[in-house]
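*Asks:* Provided below: start09.tsv, containing TSV, C-alpha atoms and all ligand atoms.
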```tsv
chain	number	residue	atom	x	y	z
A	1	MET	CA	109.76	116.36	127.51
A	2	ASN	CA	113.43	117.19	127.74
A	3	PRO	CA	113.89	120.09	125.24
A	4	ASN	CA	117.36	118.79	124.42
A	5	ARG	CA	115.87	115.49	123.36
A	6	PRO	CA	112.92	116.49	121.14
A	7	ILE	CA	112.59	113.32	119.09
A	8	THR	CA	109.63	110.97	119.61
A	9	LEU	CA	109.65	107.39	118.31
A	10	LEU	CA	106.59	105.30	117.68
A	11	TRP	CA	108.25	101.91	117.84
A	12	SER	CA	106.17	98.93	116.72
A	13	LEU	CA	108.51	96.57	118.48
A	14	ARG	CA	107.04	93.18	117.61
A	15	SER	CA	104.58	91.78	115.09
A	16	LEU	CA	102.93	89.06	117.12
A	17	CYS	CA	99.74	89.70	119.06
A	18	ASP	CA	97.49	87.36	121.02
A	19	LEU	CA	94.44	89.22	119.72
A	20	ALA	CA	93.37	89.16	116.07
A	21	CYS	CA	91.53	92.47	115.65
A	22	PRO	CA	89.99	92.34	112.15
A	23	SER	CA	90.49	96.08	111.65
A	24	CYS	CA	94.06	96.25	112.97
A	25	TYR	CA	96.51	98.10	110.76
A	26	PHE	CA	98.73	95.02	110.99
A	27	GLY	CA	96.14	93.21	108.88
A	28	ASP	CA	94.37	89.92	109.42
A	29	PRO	CA	96.77	87.05	110.21
A	30	LEU	CA	94.41	84.49	108.65
A	31	ILE	CA	94.42	86.37	105.35
A	32	HIS	CA	98.18	86.91	105.55
A	33	GLN	CA	98.76	83.16	105.99
A	34	ILE	CA	97.25	82.64	102.56
A	35	LYS	CA	98.39	85.88	100.98
A	36	PRO	CA	101.43	87.38	102.71
A	37	PRO	CA	101.80	91.15	102.29
A	38	THR	CA	104.16	92.28	99.59
A	39	LYS	CA	103.91	96.06	99.76
A	40	THR	CA	106.81	98.03	101.24
A	41	GLY	CA	106.02	99.08	104.78
A	42	GLN	CA	102.97	96.83	105.05
A	43	LEU	CA	102.69	95.31	108.51
A	44	SER	CA	101.67	91.79	109.44
A	45	HIS	CA	101.19	89.97	112.73
A	46	ILE	CA	102.98	86.95	111.22
A	47	SER	CA	105.99	88.76	109.91
A	48	PRO	CA	109.00	86.45	109.86
A	49	HIS	CA	111.25	89.50	109.55
A	50	ASP	CA	111.11	90.96	113.06
A	51	LEU	CA	114.52	92.02	114.28
A	52	LYS	CA	116.34	89.53	116.45
A	53	ARG	CA	116.50	90.27	120.15
A	54	ARG	CA	120.22	91.09	119.99
A	55	GLU	CA	119.54	93.57	117.15
A	56	VAL	CA	116.80	95.29	119.15
A	57	LEU	CA	119.01	95.49	122.24
A	58	ALA	CA	122.00	96.75	120.24
A	59	PHE	CA	119.94	99.64	118.83
A	60	ALA	CA	118.38	100.34	122.24
A	61	ARG	CA	121.87	100.71	123.76
A	62	THR	CA	122.64	103.54	121.32
A	63	LEU	CA	119.64	105.62	122.46
A	64	LYS	CA	121.38	107.18	125.46
A	65	ASP	CA	123.58	109.30	123.22
A	66	SER	CA	120.76	110.52	121.02
A	67	ALA	CA	118.12	113.25	120.77
A	68	VAL	CA	115.35	110.70	121.36
A	69	GLY	CA	113.39	111.79	124.43
A	70	ARG	CA	110.20	109.77	124.27
A	71	ILE	CA	109.27	106.35	122.89
A	72	PHE	CA	105.83	104.85	122.41
A	73	VAL	CA	106.43	101.09	122.50
A	74	ALA	CA	103.71	99.27	120.59
A	75	GLY	CA	103.30	96.42	118.15
A	76	GLY	CA	101.74	93.79	117.89
A	77	GLU	CA	101.63	93.17	121.61
A	78	PRO	CA	104.93	94.32	123.06
A	79	LEU	CA	104.37	92.89	126.54
A	80	ASN	CA	104.23	89.27	125.34
A	81	TRP	CA	107.74	89.35	123.88
A	82	PRO	CA	110.38	87.67	126.09
A	83	GLY	CA	112.85	90.49	125.41
A	84	ILE	CA	110.57	93.28	126.57
A	85	LEU	CA	111.87	93.87	130.11
A	86	ASP	CA	115.52	93.99	128.96
A	87	THR	CA	114.62	96.38	126.16
A	88	LEU	CA	112.54	98.68	128.37
A	89	LYS	CA	115.28	98.74	131.02
A	90	ILE	CA	117.87	99.89	128.50
A	91	ILE	CA	115.53	102.60	127.22
A	92	LYS	CA	114.63	103.82	130.71
A	93	ASP	CA	118.29	103.76	131.80
A	94	ALA	CA	118.95	106.02	128.81
A	95	GLY	CA	116.73	108.65	130.45
A	96	ILE	CA	113.96	108.30	127.89
A	97	GLU	CA	110.23	108.59	128.64
A	98	VAL	CA	108.41	105.38	127.77
A	99	ILE	CA	104.75	104.91	127.03
A	100	VAL	CA	103.78	101.25	126.64
A	101	CYS	CA	100.82	100.66	124.33
A	102	THR	CA	99.23	97.35	125.30
A	103	ASN	CA	96.10	95.27	124.98
A	104	GLY	CA	96.17	95.16	128.79
A	105	ILE	CA	95.97	91.39	129.18
A	106	PRO	CA	99.61	90.86	130.27
A	107	LEU	CA	99.05	93.31	133.15
A	108	ASN	CA	97.22	90.51	134.96
A	109	ARG	CA	100.54	88.73	135.67
A	110	PRO	CA	101.48	90.14	139.10
A	111	VAL	CA	105.24	89.44	139.02
A	112	PHE	CA	105.54	90.79	135.49
A	113	LEU	CA	103.46	93.84	136.39
A	114	GLN	CA	105.74	94.57	139.35
A	115	SER	CA	108.80	94.27	137.09
A	116	LEU	CA	107.26	96.85	134.74
A	117	LEU	CA	106.53	99.17	137.65
A	118	ASP	CA	110.09	98.75	138.95
A	119	LEU	CA	111.42	99.94	135.59
A	120	GLY	CA	109.69	103.30	136.00
A	121	ILE	CA	107.60	103.17	132.83
A	122	ASP	CA	106.04	106.61	132.40
A	123	ALA	CA	102.63	105.61	131.05
A	124	PHE	CA	100.55	102.72	129.87
A	125	SER	CA	98.01	103.22	127.09
A	126	VAL	CA	95.54	100.35	127.21
A	127	SER	CA	93.18	99.63	124.33
A	128	LEU	CA	89.50	99.12	125.04
A	129	ASP	CA	86.91	99.79	122.36
A	130	SER	CA	83.67	99.72	124.35
A	131	THR	CA	82.06	99.64	127.75
A	132	GLU	CA	80.21	96.65	126.34
A	133	ALA	CA	82.13	93.37	126.40
A	134	GLU	CA	80.38	91.97	123.35
A	135	PHE	CA	81.29	94.83	121.02
A	136	ASN	CA	84.84	95.12	122.38
A	137	ASP	CA	85.45	91.40	121.94
A	138	TRP	CA	84.13	91.57	118.40
A	139	MET	CA	86.53	94.41	117.62
A	140	ARG	CA	89.37	92.85	119.62
A	141	PRO	CA	88.87	89.04	119.55
A	142	ASP	CA	91.16	86.45	121.07
A	143	PRO	CA	91.26	83.62	118.49
A	144	LYS	CA	91.90	81.16	121.32
A	145	GLY	CA	88.78	82.41	123.10
A	146	LYS	CA	90.66	82.74	126.40
A	147	HIS	CA	90.73	86.48	126.99
A	148	GLY	CA	88.48	89.45	126.44
A	149	TRP	CA	86.98	92.65	127.84
A	150	GLN	CA	86.98	91.46	131.47
A	151	ASP	CA	90.69	90.62	131.36
A	152	VAL	CA	91.51	94.04	129.95
A	153	VAL	CA	89.50	95.78	132.67
A	154	ASP	CA	91.08	93.52	135.31
A	155	GLY	CA	94.53	94.39	133.91
A	156	ILE	CA	93.81	98.12	134.11
A	157	ARG	CA	92.53	97.73	137.67
A	158	ALA	CA	95.60	95.67	138.65
A	159	LEU	CA	97.92	98.33	137.23
A	160	ILE	CA	96.13	101.19	138.96
A	161	ALA	CA	96.05	99.29	142.28
A	162	ALA	CA	99.73	98.34	142.14
A	163	ARG	CA	101.26	101.69	141.15
A	164	THR	CA	102.63	104.05	143.74
A	165	GLN	CA	101.86	107.77	143.91
A	166	ASN	CA	104.62	108.67	141.45
A	167	GLY	CA	103.94	105.61	139.37
A	168	PRO	CA	102.97	105.51	135.71
A	169	ARG	CA	100.09	107.42	134.16
A	170	VAL	CA	97.39	105.07	132.94
A	171	GLY	CA	95.17	105.77	129.97
A	172	LEU	CA	92.58	104.14	127.78
A	173	TYR	CA	92.48	104.24	123.99
A	174	THR	CA	89.32	103.55	122.00
A	175	VAL	CA	89.08	103.10	118.24
A	176	ILE	CA	86.07	105.09	117.05
A	177	THR	CA	84.07	103.45	114.29
A	178	ARG	CA	80.65	104.30	112.91
A	179	ARG	CA	79.31	101.51	115.17
A	180	ASN	CA	80.54	102.89	118.50
A	181	ILE	CA	80.43	106.70	118.20
A	182	GLU	CA	78.18	106.90	121.27
A	183	GLN	CA	80.93	105.12	123.19
A	184	VAL	CA	83.18	108.20	123.06
A	185	PRO	CA	81.63	109.89	126.13
A	186	ALA	CA	80.65	106.56	127.73
A	187	MET	CA	84.23	105.28	127.55
A	188	GLY	CA	85.52	108.60	128.91
A	189	ARG	CA	83.28	108.20	131.94
A	190	PHE	CA	84.28	104.55	132.33
A	191	ALA	CA	87.99	105.44	132.13
A	192	ALA	CA	87.48	108.05	134.86
A	193	GLU	CA	85.58	105.55	137.03
A	194	LEU	CA	88.44	103.08	136.69
A	195	GLY	CA	90.82	105.78	137.94
A	196	ALA	CA	92.63	106.29	134.62
A	197	ASP	CA	94.57	109.52	134.05
A	198	TYR	CA	93.86	110.01	130.36
A	199	TYR	CA	91.48	108.94	127.63
A	200	VAL	CA	92.04	109.04	123.87
A	201	PRO	CA	89.36	108.14	121.33
A	202	GLN	CA	91.07	107.66	117.96
A	203	PRO	CA	89.34	107.32	114.59
A	204	ILE	CA	89.58	104.06	112.73
A	205	ALA	CA	91.93	104.12	109.76
A	206	LEU	CA	91.09	101.57	107.09
A	207	GLU	CA	91.97	101.36	103.42
A	208	ASP	CA	88.98	101.75	101.09
A	209	ASP	CA	89.21	98.11	100.01
A	210	HIS	CA	89.37	96.76	103.57
A	211	PRO	CA	86.63	94.14	104.24
A	212	HIS	CA	85.34	96.21	107.20
A	213	HIS	CA	85.59	99.62	105.56
A	214	ALA	CA	81.91	99.93	104.68
A	215	GLU	CA	80.78	98.82	108.12
A	216	LEU	CA	83.27	100.65	110.32
A	217	SER	CA	84.93	103.63	108.64
A	218	LEU	CA	83.56	107.01	109.61
A	219	ARG	CA	81.65	108.84	106.86
A	220	PRO	CA	80.65	112.46	106.32
A	221	GLU	CA	77.12	111.65	107.53
A	222	ASP	CA	78.64	110.62	110.89
A	223	THR	CA	80.12	114.04	111.60
A	224	SER	CA	77.14	115.38	113.49
A	225	ALA	CA	77.05	112.33	115.80
A	226	LEU	CA	80.81	112.66	116.25
A	227	THR	CA	80.53	116.36	117.02
A	228	ASP	CA	77.88	115.61	119.65
A	229	ALA	CA	79.88	112.73	121.14
A	230	PHE	CA	83.05	114.82	121.47
A	231	ALA	CA	81.08	117.77	122.86
A	232	GLU	CA	79.57	115.50	125.53
A	233	LEU	CA	82.99	114.03	126.35
A	234	TYR	CA	84.69	117.41	126.71
A	235	ALA	CA	81.76	118.92	128.63
A	236	ALA	CA	81.65	116.09	131.15
A	237	ASP	CA	84.45	117.61	133.25
A	238	LEU	CA	85.95	114.19	133.88
A	239	SER	CA	88.82	113.81	136.30
A	240	LEU	CA	91.21	112.80	133.55
A	241	THR	CA	93.16	114.39	130.70
A	242	LEU	CA	91.77	114.41	127.17
A	243	PRO	CA	93.64	115.25	123.96
A	244	GLU	CA	93.96	119.00	123.53
A	245	GLY	CA	90.91	120.98	122.47
A	246	ALA	CA	91.82	121.07	118.76
A	247	TYR	CA	91.74	117.29	118.52
A	248	PRO	CA	87.99	116.70	117.97
A	249	GLY	CA	88.15	119.16	115.06
A	250	GLN	CA	91.11	117.27	113.61
A	251	VAL	CA	89.22	113.99	113.87
A	252	ILE	CA	86.10	115.45	112.26
A	253	ALA	CA	88.08	117.19	109.51
A	254	GLY	CA	89.68	113.83	108.70
A	255	VAL	CA	86.38	112.01	108.31
A	256	PRO	CA	85.84	112.42	104.55
A	257	ARG	CA	89.36	111.02	104.40
A	258	THR	CA	90.35	113.15	101.47
A	259	THR	CA	94.08	113.59	101.55
A	260	SER	CA	95.40	117.06	102.04
A	261	THR	CA	98.33	119.05	103.33
A	262	ALA	CA	99.13	118.64	107.02
A	263	VAL	CA	100.20	122.08	108.15
A	264	GLY	CA	103.09	122.14	110.59
A	265	CYS	CA	103.58	118.39	110.48
A	266	PHE	CA	106.14	116.87	112.84
A	267	GLY	CA	106.49	113.57	110.92
A	268	GLY	CA	110.09	112.98	109.93
A	269	ARG	CA	111.31	115.89	112.06
A	270	THR	CA	110.36	115.14	115.63
A	271	LEU	CA	108.36	111.94	115.06
A	272	HIS	CA	109.66	108.75	113.47
A	273	PHE	CA	107.96	105.39	113.02
A	274	ILE	CA	109.90	102.14	113.45
A	275	GLN	CA	108.49	98.83	112.30
A	276	PRO	CA	109.22	95.36	113.79
A	277	ASP	CA	111.67	94.56	110.97
A	278	GLY	CA	113.63	97.70	111.88
A	279	ALA	CA	112.39	99.84	108.96
A	280	ILE	CA	112.20	103.55	109.78
A	281	TRP	CA	109.63	105.86	108.23
A	282	ASP	CA	109.03	109.59	108.63
A	283	CYS	CA	105.61	108.80	110.06
A	284	VAL	CA	102.71	106.36	109.73
A	285	SER	CA	101.15	107.93	106.63
A	286	SER	CA	100.85	105.17	104.04
A	287	LEU	CA	101.05	107.86	101.35
A	288	ARG	CA	104.30	109.15	102.74
A	289	ILE	CA	105.68	105.61	103.10
A	290	ASP	CA	104.68	104.85	99.48
A	291	ALA	CA	106.36	108.04	98.34
A	292	THR	CA	109.65	107.29	100.07
A	293	PRO	CA	112.16	106.35	97.37
A	294	ALA	CA	114.12	103.11	97.86
A	295	SER	CA	117.29	105.21	98.16
A	296	ALA	CA	115.80	106.79	101.31
A	297	HIS	CA	114.80	103.51	102.99
A	298	ARG	CA	116.44	103.21	106.40
A	299	THR	CA	116.69	100.68	109.21
A	300	ILE	CA	117.69	100.66	112.85
A	301	ARG	CA	119.51	97.35	112.29
A	302	GLY	CA	123.19	98.01	112.87
A	303	HIS	CA	122.75	101.77	113.23
A	304	SER	CA	122.87	104.21	116.11
A	305	ALA	CA	120.01	106.44	117.19
A	306	ALA	CA	122.24	109.53	117.17
A	307	ASP	CA	123.05	109.01	113.48
A	308	LEU	CA	119.50	108.10	112.49
A	309	PHE	CA	117.67	110.80	114.44
A	310	PRO	CA	119.76	113.96	114.65
A	311	THR	CA	118.35	116.95	116.50
A	312	PRO	CA	115.79	118.63	114.22
A	313	ALA	CA	116.33	122.21	113.12
A	314	GLY	CA	113.91	124.86	111.89
A	315	CYS	CA	110.13	124.83	111.88
A	316	ALA	CA	107.78	121.96	111.39
A	317	SER	CA	107.01	121.39	107.74
A	318	ASP	CA	103.81	121.28	105.72
A	319	CYS	CA	103.33	117.75	104.37
A	320	PRO	CA	101.37	117.27	101.15
A	321	LEU	CA	101.05	113.55	101.89
A	322	ALA	CA	98.78	113.72	104.91
A	323	SER	CA	96.77	110.56	105.12
A	324	TYR	CA	93.80	109.42	107.18
A	325	GLU	CA	96.20	107.63	109.53
A	326	CYS	CA	97.84	110.92	110.48
A	327	VAL	CA	95.19	112.26	112.83
A	328	ASN	CA	96.05	109.55	115.34
A	329	MET	CA	99.56	110.99	115.68
A	330	TRP	CA	98.40	114.33	117.12
A	331	PRO	CA	97.55	112.92	120.58
A	332	LEU	CA	100.96	111.21	120.68
A	333	MET	CA	102.67	114.54	120.07
A	334	GLY	CA	100.57	116.19	122.77
A	335	PHE	CA	101.71	113.83	125.50
A	336	ASP	CA	103.37	116.51	127.62
A	337	ARG	CA	99.95	117.38	129.02
A	338	ILE	CA	99.63	113.77	130.19
A	339	LEU	CA	103.13	113.17	131.52
A	340	THR	CA	103.99	116.60	132.94
A	341	PRO	CA	102.21	117.44	136.20
A	342	THR	CA	102.10	121.20	135.48
A	343	ALA	CA	100.71	120.57	132.04
A	344	ARG	CA	98.19	118.20	133.62
A	345	SER	CA	96.93	120.66	136.21
A	346	SER	CA	96.41	123.36	133.60
A	347	ALA	CA	94.85	120.96	131.09
B	1	LIG	C1	98.05	98.01	116.96
B	1	LIG	S1	97.81	98.27	118.67
B	1	LIG	C2	99.36	97.73	119.32
B	1	LIG	C3	99.48	97.82	120.79
B	1	LIG	C4	98.68	96.83	121.62
B	1	LIG	N1	98.74	95.49	121.14
B	1	LIG	C5	97.24	97.27	121.78
B	1	LIG	O1	96.33	96.46	121.57
B	1	LIG	O2	97.02	98.42	122.14
B	1	LIG	C6	97.93	100.05	118.91
B	1	LIG	C7	96.62	100.79	118.85
B	1	LIG	O3	96.23	100.95	117.50
B	1	LIG	C8	94.84	100.77	117.41
B	1	LIG	N2	94.51	100.40	116.03
B	1	LIG	C9	94.75	99.24	115.41
B	1	LIG	N3	94.30	99.26	114.15
B	1	LIG	C10	93.74	100.46	113.97
B	1	LIG	C11	93.11	101.09	112.87
B	1	LIG	N4	92.93	100.46	111.71
B	1	LIG	N5	92.68	102.37	113.02
B	1	LIG	C12	92.85	103.02	114.18
B	1	LIG	N6	93.46	102.48	115.25
B	1	LIG	C13	93.90	101.22	115.15
B	1	LIG	C14	94.59	99.69	118.44
B	1	LIG	O4	93.23	99.59	118.80
B	1	LIG	C15	95.46	100.14	119.57
B	1	LIG	O5	94.79	101.11	120.35
```
Step by step, read the file and then write its structure as structure tokens.
*Replies:*
Amino acid sequence: MNPNRPITLLWSLRSLCDLACPSCYFGDPLIHQIKPPTKTGQLSHISPHDLKRREVLAFARTLKDSAVGRIFVAGGEPLNWPGILDTLKIIKDAGIEVIVCTNGIPLNRPVFLQSLLDLGIDAFSVSLDSTEAEFNDWMRPDPKGKHGWQDVVDGIRALIAARTQNGPRVGLYTVITRRNIEQVPAMGRFAAELGADYYVPQPIALEDDHPHHAELSLRPEDTSALTDAFAELYAADLSLTLPEGAYPGQVIAGVPRTTSTAVGCFGGRTLHFIQPDGAIWDCVSSLRIDATPASAHRTIRGHSAADLFPTPAGCASDCPLASYECVNMWPLMGFDRILTPTARSSA
């Protein structure tokens, strides 16, 4: 990453998604239709408040004069939004590294895929929760019943086949739940077989009162299975990059989900989280979002990136509001090892 541009954005660009994952941190659209979210910072796939295309593009045009060096573009599903190619072009023309986080299904459209490749996107992180179609499609269902596991795998294959030698890195992301812990090494092997460059298993983050919490959230009694699964993954000597060696320990330490201090946290200094309505938060921690006073609420709407994200100074801080969501940010901040060839070869 360009040292003069040390800021990373996790930009949830749009709310809509063609999948309706019951454990998604955007919440369940069926429930939200009846009971729309009211809490500050709460996400929803049916948010009527997403920024307008011209507002997104106006902010994107300010990025070239800023300290932002890397953007993870997520959502919702960012690749289904009609404004996506224009937005990505502006970001890439600003000299910023872009990682597109996608459900993988839109990669099956050949003309669209070629347009993405022509833009010089740096990496694609594709979500797949199992080597088994049935479990994946239960975790990541298409309410219209049109798409599923096979389309995601086909999309990954299409991307890998179409890219040139200096083309984008391709990775797989798996949400680890107490029902698919054994999938951690299996998915790593599958990602390597597909020809992916990186693999990230990330722990599920669910509120205690979430309908799937009891069934899916990791518990202290799962730590030995998790330890074994990570040990097998890291020992497999796969031909792809994994999160740095400290990561399994961070996942396991986060399992009891007691909140604690995150030592040396980058949230709010070098990482910022942008929501589809333009709201900016220091990071994804719901505790930290809750603790942000109204006077400190900010938006990208009508503002420039240089003003919103000045170059950070000093050391990373220790955050007393670390939440169970936070552990999933560490792989994002370790992306140099995925995007930088020298970091890759020594990984
Ligand atoms: C919300 S999706 C958005 C991007 C894109 N639509 C996709 O499917 O990857 C980003 C990532 O967050 C993961 N995710 C969603 N809800 C989660 C949760 N409650 N805990 C952990 N990861 C979650 C998804 O599986 C996916 O890998």
*Asks:* Neighbouring residues of ligand LIG 1 (chain B) are defined here as those with any atom at most 7 Å from a ligand atom, counting only C-alpha atoms and all ligand atoms; list them as a list in words.
*Replies:* Cys17, Ser23, Cys24, Tyr25, Phe26, Ala74, Gly75, Gly76, Glu77, Pro78, Cys101, Thr102, Asn103, Ser125, Val126, Ser127, Tyr173, Thr174, Val175, Gln202, Pro203, Ile204, Ala205 and Leu206 of chain A
*Asks:* Can those selected residues be exported to a file as an mmCIF file, in the frame of the given file so that it contains C-alpha atoms?
*Replies:*
```cif
data_model
loop_
_atom_site.group_PDB
_atom_site.id
_atom_site.type_symbol
_atom_site.label_atom_id
_atom_site.label_comp_id
_atom_site.auth_asym_id
_atom_site.auth_seq_id
_atom_site.Cartn_x
_atom_site.Cartn_y
_atom_site.Cartn_z
ATOM 1 C CA CYS A 17 99.740 89.700 119.060
ATOM 2 C CA SER A 23 90.490 96.080 111.650
ATOM 3 C CA CYS A 24 94.060 96.250 112.970
ATOM 4 C CA TYR A 25 96.510 98.100 110.760
ATOM 5 C CA PHE A 26 98.730 95.020 110.990
ATOM 6 C CA ALA A 74 103.710 99.270 120.590
ATOM 7 C CA GLY A 75 103.300 96.420 118.150
ATOM 8 C CA GLY A 76 101.740 93.790 117.890
ATOM 9 C CA GLU A 77 101.630 93.170 121.610
ATOM 10 C CA PRO A 78 104.930 94.320 123.060
ATOM 11 C CA CYS A 101 100.820 100.660 124.330
ATOM 12 C CA THR A 102 99.230 97.350 125.300
ATOM 13 C CA ASN A 103 96.100 95.270 124.980
ATOM 14 C CA SER A 125 98.010 103.220 127.090
ATOM 15 C CA VAL A 126 95.540 100.350 127.210
ATOM 16 C CA SER A 127 93.180 99.630 124.330
ATOM 17 C CA TYR A 173 92.480 104.240 123.990
ATOM 18 C CA THR A 174 89.320 103.550 122.000
ATOM 19 C CA VAL A 175 89.080 103.100 118.240
ATOM 20 C CA GLN A 202 91.070 107.660 117.960
ATOM 21 C CA PRO A 203 89.340 107.320 114.590
ATOM 22 C CA ILE A 204 89.580 104.060 112.730
ATOM 23 C CA ALA A 205 91.930 104.120 109.760
ATOM 24 C CA LEU A 206 91.090 101.570 107.090
#
```
*Asks:* So the first atom is atom CA of A:Pro48 and the second is atom CA of A:Leu113; what is the distance between them in Å, to one decimal place?
*Replies:*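 Computed distance, atom CA of A:Pro48 to atom CA of A:Leu113, equals 28.1 Å.
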*Asks:* Kindly give the distance, in Å, that separates atom CA of A:Leu13 and atom CA of A:Glu244, rounded to a single decimal.
*Replies:*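 So the answer is 27.2 Å.
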*Asks:* Between atom CA of A:Gly267 and atom CA of A:Phe124, what is the distance in Å, rounded to a tenth?
*Replies:*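 If I compute the distance from atom CA of A:Gly267 to atom CA of A:Phe124, I get 22.6 Å.
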*Asks:* Have a look at A:Glu193, A:Asp142, A:Asp228, A:Asp237 and name the one nearest to A:Asp18; count all atoms listed in the file.
*Replies:* A:Asp142
*Asks:* I need the residue nearest A:Ile71 from this list: A:Leu194, A:Val263, A:Leu88, A:Leu119. Use all atoms listed in the file for the distance.
*Replies:* A:Leu88
*Asks:* As lines of an AutoDock Vina configuration file, please report the centre and edge lengths, rounded to one decimal in Å, of the axis-aligned box that holds all listed atoms of stretch 239-249 of chain A with 3 Å of padding on each of the six sides.
*Replies:*
```
center_x = 91.0
center_y = 116.9
center_z = 125.7
size_x = 12.0
size_y = 14.3
size_z = 27.2
```
*Asks:* Could you tell me which of A:Ile84, A:Gly27, A:Thr177, A:Val56 comes closest to A:Gln42 if we count all atoms listed in the file?
*Replies:* A:Gly27
*Asks:* Skip A:Val68 itself and residues of its chain fewer than 6 positions away, then list as a list of chain:residue names all residues within 9 Å of it, counting all atoms listed in the file.
*Replies:*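 Counting all atoms listed in the file, the residues come to A:Asn4, A:Arg5, A:Pro6, A:Ile7, A:Thr8, A:Leu9, A:Ile96, A:Thr270, A:Ala305, A:Ala306, A:Phe309, A:Pro310, A:Thr311.
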*Asks:* Kindly complete stretch 259-264 of chain A to all heavy atoms; the output should be written as a PDB file, in the coordinates of the input.
*Replies:*
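Once written, part07.pdb looks like this:
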```
ATOM      1  N   THR A 259      92.726 113.247 101.136  1.00  0.00           N
ATOM      2  CA  THR A 259      94.080 113.590 101.550  1.00  0.00           C
ATOM      3  C   THR A 259      94.307 115.071 101.320  1.00  0.00           C
ATOM      4  O   THR A 259      93.680 115.688 100.461  1.00  0.00           O
ATOM      5  CB  THR A 259      95.108 112.777 100.771  1.00  0.00           C
ATOM      6  OG1 THR A 259      94.836 112.955  99.397  1.00  0.00           O
ATOM      7  CG2 THR A 259      95.009 111.320 101.129  1.00  0.00           C
ATOM      8  N   SER A 260      95.168 115.622 102.135  1.00  0.00           N
ATOM      9  CA  SER A 260      95.400 117.060 102.040  1.00  0.00           C
ATOM     10  C   SER A 260      96.761 117.366 102.627  1.00  0.00           C
ATOM     11  O   SER A 260      97.500 116.469 103.003  1.00  0.00           O
ATOM     12  CB  SER A 260      94.313 117.799 102.816  1.00  0.00           C
ATOM     13  OG  SER A 260      94.358 117.367 104.151  1.00  0.00           O
ATOM     14  N   THR A 261      97.057 118.648 102.728  1.00  0.00           N
ATOM     15  CA  THR A 261      98.330 119.050 103.330  1.00  0.00           C
ATOM     16  C   THR A 261      98.175 119.129 104.839  1.00  0.00           C
ATOM     17  O   THR A 261      97.236 119.733 105.347  1.00  0.00           O
ATOM     18  CB  THR A 261      98.747 120.423 102.767  1.00  0.00           C
ATOM     19  OG1 THR A 261      98.962 120.268 101.370  1.00  0.00           O
ATOM     20  CG2 THR A 261     100.027 120.911 103.422  1.00  0.00           C
ATOM     21  N   ALA A 262      99.095 118.495 105.551  1.00  0.00           N
ATOM     22  CA  ALA A 262      99.130 118.640 107.020  1.00  0.00           C
ATOM     23  C   ALA A 262     100.025 119.831 107.313  1.00  0.00           C
ATOM     24  O   ALA A 262     101.220 119.811 107.011  1.00  0.00           O
ATOM     25  CB  ALA A 262      99.679 117.394 107.661  1.00  0.00           C
ATOM     26  N   VAL A 263      99.441 120.859 107.882  1.00  0.00           N
ATOM     27  CA  VAL A 263     100.200 122.080 108.150  1.00  0.00           C
ATOM     28  C   VAL A 263     100.978 121.886 109.454  1.00  0.00           C
ATOM     29  O   VAL A 263     100.438 121.434 110.453  1.00  0.00           O
ATOM     30  CB  VAL A 263      99.252 123.297 108.240  1.00  0.00           C
ATOM     31  CG1 VAL A 263     100.032 124.562 108.602  1.00  0.00           C
ATOM     32  CG2 VAL A 263      98.512 123.466 106.920  1.00  0.00           C
ATOM     33  N   GLY A 264     102.258 122.237 109.389  1.00  0.00           N
ATOM     34  CA  GLY A 264     103.090 122.140 110.590  1.00  0.00           C
ATOM     35  C   GLY A 264     103.291 120.706 111.045  1.00  0.00           C
ATOM     36  O   GLY A 264     103.291 120.431 112.243  1.00  0.00           O
TER      37      GLY A 264
END
```
